[in-house]
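Q: Let me give you the structure first, and then I'll get to my questions.
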Amino acid sequence: MMMPRRLFPSTLLAGAAAVALASNAQATELTVYTAVESDDLQKYAERFNAAHPDIEINWVRDSTGVITARLLAEKDNPQADVIWGLAATSLLVLEEEGMLERYAPAGVENLDPKFVDVAYRDGEDPAWVGMDAWVAAICYNTIEGERQGVPMPTSWEDLTQPEFEGHVIMPNPNSSGTGYLDVASWLQLWEEDQGWDYMDRLHNNIARYTHSGSAPCSLAATGETVVGVSFAFRGARLKSQGAPIEVIFPEEGLGWDMEAAAIMTGTDKQEAAQTLMDWAISRDANELYNEGYAVVAYPGVAQPIENYPSDITDRMIDADFQWAAVNRERVLAEWQRRYDGKTEQ
């Protein structure tokens, strides 16, 4: 298993803030596991540390699948105090294993209910709370598409057509939360038999599977592939930066998952962990999430995002996160048995 990349505060903070933090001998240290994209993690870390210089965070960042696997492997000897920015489907798996501490962050009642553990609706403290939603999308390189005679797709089904053979890259769901989002949503959209049939046909056109959910879109942006199955946030940002891509939202519907946060059972840093959770669901934090994500947990915060459709929430499927969590191990094993031969080394 790949080891997560560990990012320490001096890596993430501006120089003056890092010096101030290092000089605070009384700072409480938290170890936080996250799958937040690297460019956003730096921004979030700086904002949190400006508000709470008394808490020093050791960030451990990697892709969703790797972080989830590490947390499960460490079940009997947890190393993390808090999980912040991991797929809700992963947190449901961890909750089932009894690894999450129930806590109702200050202001949780203000969040959209679908971003809060369902136990909260029944009067219990939630085991996890959501931050924002990331949505499946296709990135298409317009220059390479025209040059190589690959048409712009409008649907998931289009990607199975002969003209796309060897021109599609997507994430491996065993290592990428985006990859699992895709697979779980296809199995829910079309039910299992048709979903696996779709992936069989799609596999014929796949050039390779990546370990990163954002990589397929980045590779489309540089012209290494014509089509990258990725997520909307990455495509929208790359297009805004001038990449020759179109961000396509397939007509059958969009799978999605949410980034969420939770406290690990057994942490001896309860007060600091709760402070981070309180901040993670605050209006200020949600405004920060909205700089890249069109859908956030705090109602009334989200403003339109460039290169996203205005009706993005209407295009999102009625995702069953509980199903995705309960069936995760079985689905991933079947996917690996069928398709893993094209995964990058």
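Ordering of the structure tokens sets the chain letters (A, B, ...), residue numbers begin anew at 1 in every chain, and ligands are numbered from 1 in the order given.
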Once DSSP has gone over the backbone, tell me which residues of stretch 58-288 of chain A are in helix (DSSP H, G or I), as a ChimeraX atom specification.
A: /A:64-73,88-96,108-110,113-115,118-122,142-148,157-160,162-164,177-203,215-222,232-240,270-280,283-288
Q: Kindly export the residues of the current selection with C-alpha atoms, as a JSON list (two decimals), in the first residue's frame.
A:
[["chain", "number", "residue", "atom", "x", "y", "z"],
["A", 64, "THR", "CA", -9.42, 8.69, -0.67],
["A", 65, "GLY", "CA", -8.82, 4.98, -1.15],
["A", 66, "VAL", "CA", -5.33, 5.09, 0.37],
["A", 67, "ILE", "CA", -6.44, 7.14, 3.39],
["A", 68, "THR", "CA", -9.44, 4.87, 3.95],
["A", 69, "ALA", "CA", -7.29, 1.74, 3.76],
["A", 70, "ARG", "CA", -4.76, 3.21, 6.18],
["A", 71, "LEU", "CA", -7.44, 4.15, 8.70],
["A", 72, "LEU", "CA", -8.89, 0.65, 8.58],
["A", 73, "ALA", "CA", -5.42, -0.89, 8.95],
["A", 88, "ALA", "CA", -18.83, 10.33, 3.26],
["A", 89, "THR", "CA", -19.00, 6.80, 1.87],
["A", 90, "SER", "CA", -15.65, 6.08, 3.53],
["A", 91, "LEU", "CA", -16.77, 7.62, 6.83],
["A", 92, "LEU", "CA", -19.86, 5.38, 6.79],
["A", 93, "VAL", "CA", -17.53, 2.37, 6.58],
["A", 94, "LEU", "CA", -15.49, 3.69, 9.50],
["A", 95, "GLU", "CA", -18.65, 4.42, 11.48],
["A", 96, "GLU", "CA", -19.77, 0.83, 10.99],
["A", 108, "VAL", "CA", -24.69, 21.79, 12.99],
["A", 109, "GLU", "CA", -28.41, 22.62, 13.06],
["A", 110, "ASN", "CA", -27.77, 25.22, 10.34],
["A", 113, "PRO", "CA", -29.77, 17.84, 6.60],
["A", 114, "LYS", "CA", -28.43, 15.66, 3.79],
["A", 115, "PHE", "CA", -24.92, 16.75, 4.80],
["A", 118, "VAL", "CA", -28.84, 10.54, 9.64],
["A", 119, "ALA", "CA", -28.53, 9.66, 13.34],
["A", 120, "TYR", "CA", -28.76, 13.40, 14.07],
["A", 121, "ARG", "CA", -32.34, 13.44, 12.78],
["A", 122, "ASP", "CA", -33.18, 10.78, 15.38],
["A", 142, "THR", "CA", -11.08, 20.13, -27.81],
["A", 143, "ILE", "CA", -7.80, 20.46, -29.73],
["A", 144, "GLU", "CA", -6.81, 16.80, -29.46],
["A", 145, "GLY", "CA", -10.38, 15.67, -30.03],
["A", 146, "GLU", "CA", -10.53, 17.50, -33.34],
["A", 147, "ARG", "CA", -7.02, 16.43, -34.34],
["A", 148, "GLN", "CA", -7.65, 12.76, -33.61],
["A", 157, "GLU", "CA", -22.86, 5.81, -23.00],
["A", 158, "ASP", "CA", -20.96, 7.79, -25.65],
["A", 159, "LEU", "CA", -17.68, 6.73, -24.03],
["A", 160, "THR", "CA", -18.31, 3.10, -25.03],
["A", 162, "PRO", "CA", -15.66, 2.63, -31.08],
["A", 163, "GLU", "CA", -14.25, 6.10, -31.82],
["A", 164, "PHE", "CA", -13.23, 6.46, -28.15],
["A", 177, "GLY", "CA", -12.78, 8.26, -4.17],
["A", 178, "THR", "CA", -13.76, 9.75, -7.52],
["A", 179, "GLY", "CA", -13.30, 6.35, -9.13],
["A", 180, "TYR", "CA", -15.53, 4.71, -6.55],
["A", 181, "LEU", "CA", -18.07, 7.51, -6.93],
["A", 182, "ASP", "CA", -18.25, 6.70, -10.66],
["A", 183, "VAL", "CA", -18.58, 2.95, -10.20],
["A", 184, "ALA", "CA", -21.15, 3.18, -7.38],
["A", 185, "SER", "CA", -23.23, 5.72, -9.29],
["A", 186, "TRP", "CA", -23.29, 3.62, -12.47],
["A", 187, "LEU", "CA", -24.40, 0.58, -10.47],
["A", 188, "GLN", "CA", -27.18, 2.68, -8.94],
["A", 189, "LEU", "CA", -28.18, 4.38, -12.20],
["A", 190, "TRP", "CA", -28.61, 1.16, -14.15],
["A", 191, "GLU", "CA", -28.73, -1.50, -11.42],
["A", 192, "GLU", "CA", -25.95, -4.01, -11.07],
["A", 193, "ASP", "CA", -26.22, -6.24, -14.16],
["A", 194, "GLN", "CA", -26.49, -3.30, -16.54],
["A", 195, "GLY", "CA", -23.90, -1.33, -14.59],
["A", 196, "TRP", "CA", -21.27, -4.06, -14.91],
["A", 197, "ASP", "CA", -22.20, -4.48, -18.58],
["A", 198, "TYR", "CA", -21.59, -0.77, -19.08],
["A", 199, "MET", "CA", -18.19, -0.96, -17.38],
["A", 200, "ASP", "CA", -17.24, -3.99, -19.47],
["A", 201, "ARG", "CA", -17.87, -1.98, -22.63],
["A", 202, "LEU", "CA", -16.19, 1.12, -21.24],
["A", 203, "HIS", "CA", -13.13, -0.94, -20.25],
["A", 215, "ALA", "CA", -5.34, 13.10, -12.78],
["A", 216, "PRO", "CA", -7.62, 12.14, -15.72],
["A", 217, "CYS", "CA", -8.81, 15.72, -16.09],
["A", 218, "SER", "CA", -5.29, 17.09, -15.71],
["A", 219, "LEU", "CA", -4.09, 14.66, -18.39],
["A", 220, "ALA", "CA", -6.90, 15.80, -20.70],
["A", 221, "ALA", "CA", -5.91, 19.41, -20.07],
["A", 222, "THR", "CA", -2.32, 18.73, -21.20],
["A", 232, "ALA", "CA", -16.25, 18.93, -12.00],
["A", 233, "PHE", "CA", -14.14, 20.98, -9.60],
["A", 234, "ARG", "CA", -10.85, 20.04, -11.25],
["A", 235, "GLY", "CA", -12.18, 20.51, -14.79],
["A", 236, "ALA", "CA", -13.76, 23.86, -14.02],
["A", 237, "ARG", "CA", -10.56, 25.17, -12.45],
["A", 238, "LEU", "CA", -8.35, 23.99, -15.32],
["A", 239, "LYS", "CA", -10.65, 25.51, -17.92],
["A", 240, "SER", "CA", -10.62, 28.82, -16.04],
["A", 270, "GLN", "CA", -10.90, 16.13, 22.34],
["A", 271, "GLU", "CA", -11.03, 19.90, 22.85],
["A", 272, "ALA", "CA", -8.80, 20.70, 19.88],
["A", 273, "ALA", "CA", -10.56, 18.10, 17.72],
["A", 274, "GLN", "CA", -13.92, 19.65, 18.52],
["A", 275, "THR", "CA", -12.56, 23.10, 17.71],
["A", 276, "LEU", "CA", -11.52, 21.90, 14.26],
["A", 277, "MET", "CA", -14.94, 20.30, 13.71],
["A", 278, "ASP", "CA", -16.70, 23.51, 14.78],
["A", 279, "TRP", "CA", -14.64, 25.49, 12.29],
["A", 280, "ALA", "CA", -15.06, 22.91, 9.50],
["A", 283, "ARG", "CA", -20.25, 29.63, 7.50],
["A", 284, "ASP", "CA", -16.74, 31.05, 6.98],
["A", 285, "ALA", "CA", -15.38, 27.60, 6.12],
["A", 286, "ASN", "CA", -18.28, 26.91, 3.76],
["A", 287, "GLU", "CA", -17.65, 30.19, 1.96],
["A", 288, "LEU", "CA", -14.08, 29.00, 1.50]]
Q: For A:Asp81, list every protein, DNA or RNA residue within 6 Å, evaluated using only C-alpha atoms, and leave out those in the same chain fewer than 5 positions away; present the list as an mmCIF file with all heavy atoms, in the first residue's frame.
A:
data_model
loop_
_atom_site.group_PDB
_atom_site.id
_atom_site.type_symbol
_atom_site.label_atom_id
_atom_site.label_comp_id
_atom_site.auth_asym_id
_atom_site.auth_seq_id
_atom_site.Cartn_x
_atom_site.Cartn_y
_atom_site.Cartn_z
ATOM 1 N N THR A 31 -3.212 15.300 14.720
ATOM 2 C CA THR A 31 -2.904 14.610 13.469
ATOM 3 C C THR A 31 -4.216 14.441 12.715
ATOM 4 O O THR A 31 -5.171 13.854 13.235
ATOM 5 C CB THR A 31 -2.259 13.241 13.722
ATOM 6 O OG1 THR A 31 -0.993 13.444 14.364
ATOM 7 C CG2 THR A 31 -2.044 12.495 12.410
ATOM 8 N N VAL A 32 -4.248 15.006 11.512
ATOM 9 C CA VAL A 32 -5.472 15.027 10.718
ATOM 10 C C VAL A 32 -5.226 14.327 9.398
ATOM 11 O O VAL A 32 -4.307 14.696 8.652
ATOM 12 C CB VAL A 32 -5.955 16.477 10.477
ATOM 13 C CG1 VAL A 32 -7.230 16.485 9.636
ATOM 14 C CG2 VAL A 32 -6.199 17.187 11.810
ATOM 15 N N MET A 264 -11.918 10.913 15.486
ATOM 16 C CA MET A 264 -11.600 9.500 15.689
ATOM 17 C C MET A 264 -11.847 9.094 17.143
ATOM 18 O O MET A 264 -11.477 9.817 18.082
ATOM 19 C CB MET A 264 -10.137 9.235 15.329
ATOM 20 C CG MET A 264 -9.840 9.321 13.844
ATOM 21 S SD MET A 264 -10.585 7.989 12.899
ATOM 22 C CE MET A 264 -9.628 6.576 13.488
ATOM 23 N N THR A 267 -9.244 9.542 20.589
ATOM 24 C CA THR A 267 -8.280 10.648 20.623
ATOM 25 C C THR A 267 -8.229 11.258 22.017
ATOM 26 O O THR A 267 -9.253 11.362 22.706
ATOM 27 C CB THR A 267 -8.640 11.735 19.602
ATOM 28 O OG1 THR A 267 -7.704 12.819 19.714
ATOM 29 C CG2 THR A 267 -10.040 12.288 19.825
#
Q: I'd like to know which residues of stretch 126-340 of chain A are strand (DSSP E or B) (by DSSP, run on the backbone); could you write them as JSON, numbers by chain?
A: {"A": [129, 130, 131, 132, 133, 134, 135, 136, 137, 138, 139, 140, 141, 168, 169, 170, 171, 206, 207, 208, 209, 210, 227, 228, 229, 230, 231, 245, 246, 247, 248, 254, 256, 257, 258, 259, 260, 261, 262, 263, 264, 295, 296, 316]}
Q: Give me the residues within 6 Å of A:Met258 as an MDAnalysis selection string, counting only C-alpha atoms and dropping any in the same chain fewer than 6 places off.
A: chainID A and resid 87:88 132:134
Q: Point out the residue among A:Thr28, A:Asn172, A:Gln79, A:Asn58 with the least atom-to-atom distance to A:His211, counting only C-alpha atoms.
A: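 Checking each of A:Thr28, A:Asn172, A:Gln79, A:Asn58 against A:His211, counting only C-alpha atoms, the winner is A:Asn172.
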Q: For stretch 57-90 of chain A versus stretch 33-53 of chain A, which residues have an atom no more than 7 Å away, and what is each residue's nearest atom pair and distance in Å rounded to one decimal, using only C-alpha atoms, chain-then-number order, as JSON lines?
A:
{"residue": "A:Trp59", "atom": "CA", "partner": "A:Tyr33", "partner_atom": "CA", "distance": 6.1}
{"residue": "A:Val60", "atom": "CA", "partner": "A:Tyr33", "partner_atom": "CA", "distance": 4.8}
{"residue": "A:Arg61", "atom": "CA", "partner": "A:Thr34", "partner_atom": "CA", "distance": 4.9}
{"residue": "A:Asp62", "atom": "CA", "partner": "A:Ala35", "partner_atom": "CA", "distance": 5.3}
{"residue": "A:Ser63", "atom": "CA", "partner": "A:Ala35", "partner_atom": "CA", "distance": 5.2}
{"residue": "A:Thr64", "atom": "CA", "partner": "A:Ala35", "partner_atom": "CA", "distance": 5.4}
{"residue": "A:Ala80", "atom": "CA", "partner": "A:Tyr33", "partner_atom": "CA", "distance": 6.2}
{"residue": "A:Val82", "atom": "CA", "partner": "A:Tyr33", "partner_atom": "CA", "distance": 6.5}
{"residue": "A:Ile83", "atom": "CA", "partner": "A:Tyr33", "partner_atom": "CA", "distance": 4.9}
{"residue": "A:Trp84", "atom": "CA", "partner": "A:Thr34", "partner_atom": "CA", "distance": 5.2}
{"residue": "A:Gly85", "atom": "CA", "partner": "A:Thr34", "partner_atom": "CA", "distance": 5.2}
{"residue": "A:Leu86", "atom": "CA", "partner": "A:Ala35", "partner_atom": "CA", "distance": 5.4}
Q: Write a file of the just-selected residues containing N, CA, C and O atoms, as a JSON list (two decimals), in the first residue's frame.
A:
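Ended up saving to out.json:
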[["chain", "number", "residue", "atom", "x", "y", "z"],
["A", 59, "TRP", "N", -0.72, 17.35, 9.03],
["A", 59, "TRP", "CA", -1.62, 16.88, 7.99],
["A", 59, "TRP", "C", -1.03, 15.64, 7.31],
["A", 59, "TRP", "O", 0.14, 15.61, 6.96],
["A", 60, "VAL", "N", -1.87, 14.64, 7.12],
["A", 60, "VAL", "CA", -1.49, 13.46, 6.35],
["A", 60, "VAL", "C", -2.47, 13.38, 5.19],
["A", 60, "VAL", "O", -3.67, 13.14, 5.39],
["A", 61, "ARG", "N", -1.96, 13.61, 3.98],
["A", 61, "ARG", "CA", -2.84, 13.69, 2.81],
["A", 61, "ARG", "C", -2.51, 12.63, 1.78],
["A", 61, "ARG", "O", -1.34, 12.38, 1.47],
["A", 62, "ASP", "N", -3.54, 12.01, 1.24],
["A", 62, "ASP", "CA", -3.40, 11.11, 0.10],
["A", 62, "ASP", "C", -4.77, 10.94, -0.52],
["A", 62, "ASP", "O", -5.75, 11.57, -0.09],
["A", 63, "SER", "N", -4.88, 10.09, -1.54],
["A", 63, "SER", "CA", -6.16, 9.86, -2.18],
["A", 63, "SER", "C", -7.11, 9.14, -1.24],
["A", 63, "SER", "O", -6.69, 8.52, -0.24],
["A", 64, "THR", "N", -8.38, 9.22, -1.55],
["A", 64, "THR", "CA", -9.42, 8.69, -0.67],
["A", 64, "THR", "C", -9.22, 7.22, -0.34],
["A", 64, "THR", "O", -9.30, 6.80, 0.82],
["A", 80, "ALA", "N", -4.63, 8.87, 13.80],
["A", 80, "ALA", "CA", -5.29, 10.15, 13.50],
["A", 80, "ALA", "C", -6.18, 10.58, 14.66],
["A", 80, "ALA", "O", -6.78, 9.75, 15.34],
["A", 82, "VAL", "N", -8.37, 13.38, 13.92],
["A", 82, "VAL", "CA", -9.52, 13.87, 13.16],
["A", 82, "VAL", "C", -9.37, 13.46, 11.71],
["A", 82, "VAL", "O", -8.25, 13.37, 11.19],
["A", 83, "ILE", "N", -10.50, 13.18, 11.06],
["A", 83, "ILE", "CA", -10.55, 13.01, 9.61],
["A", 83, "ILE", "C", -11.28, 14.23, 9.07],
["A", 83, "ILE", "O", -12.38, 14.56, 9.52],
["A", 84, "TRP", "N", -10.67, 14.89, 8.11],
["A", 84, "TRP", "CA", -11.27, 16.13, 7.61],
["A", 84, "TRP", "C", -11.10, 16.16, 6.09],
["A", 84, "TRP", "O", -10.00, 16.22, 5.56],
["A", 85, "GLY", "N", -12.25, 16.05, 5.38],
["A", 85, "GLY", "CA", -12.19, 16.07, 3.93],
["A", 85, "GLY", "C", -11.99, 14.68, 3.35],
["A", 85, "GLY", "O", -11.14, 14.48, 2.47],
["A", 86, "LEU", "N", -12.77, 13.70, 3.82],
["A", 86, "LEU", "CA", -12.76, 12.35, 3.27],
["A", 86, "LEU", "C", -14.18, 12.04, 2.82],
["A", 86, "LEU", "O", -15.15, 12.59, 3.35]]
Q: Of the residues A:Asn290, A:Thr265, A:Gln161, A:Ser175, which is the one nearest to A:Gly98, using only C-alpha atoms?
A: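 Looking only at the distances to A:Gly98, the closest residue turns out to be A:Thr265.
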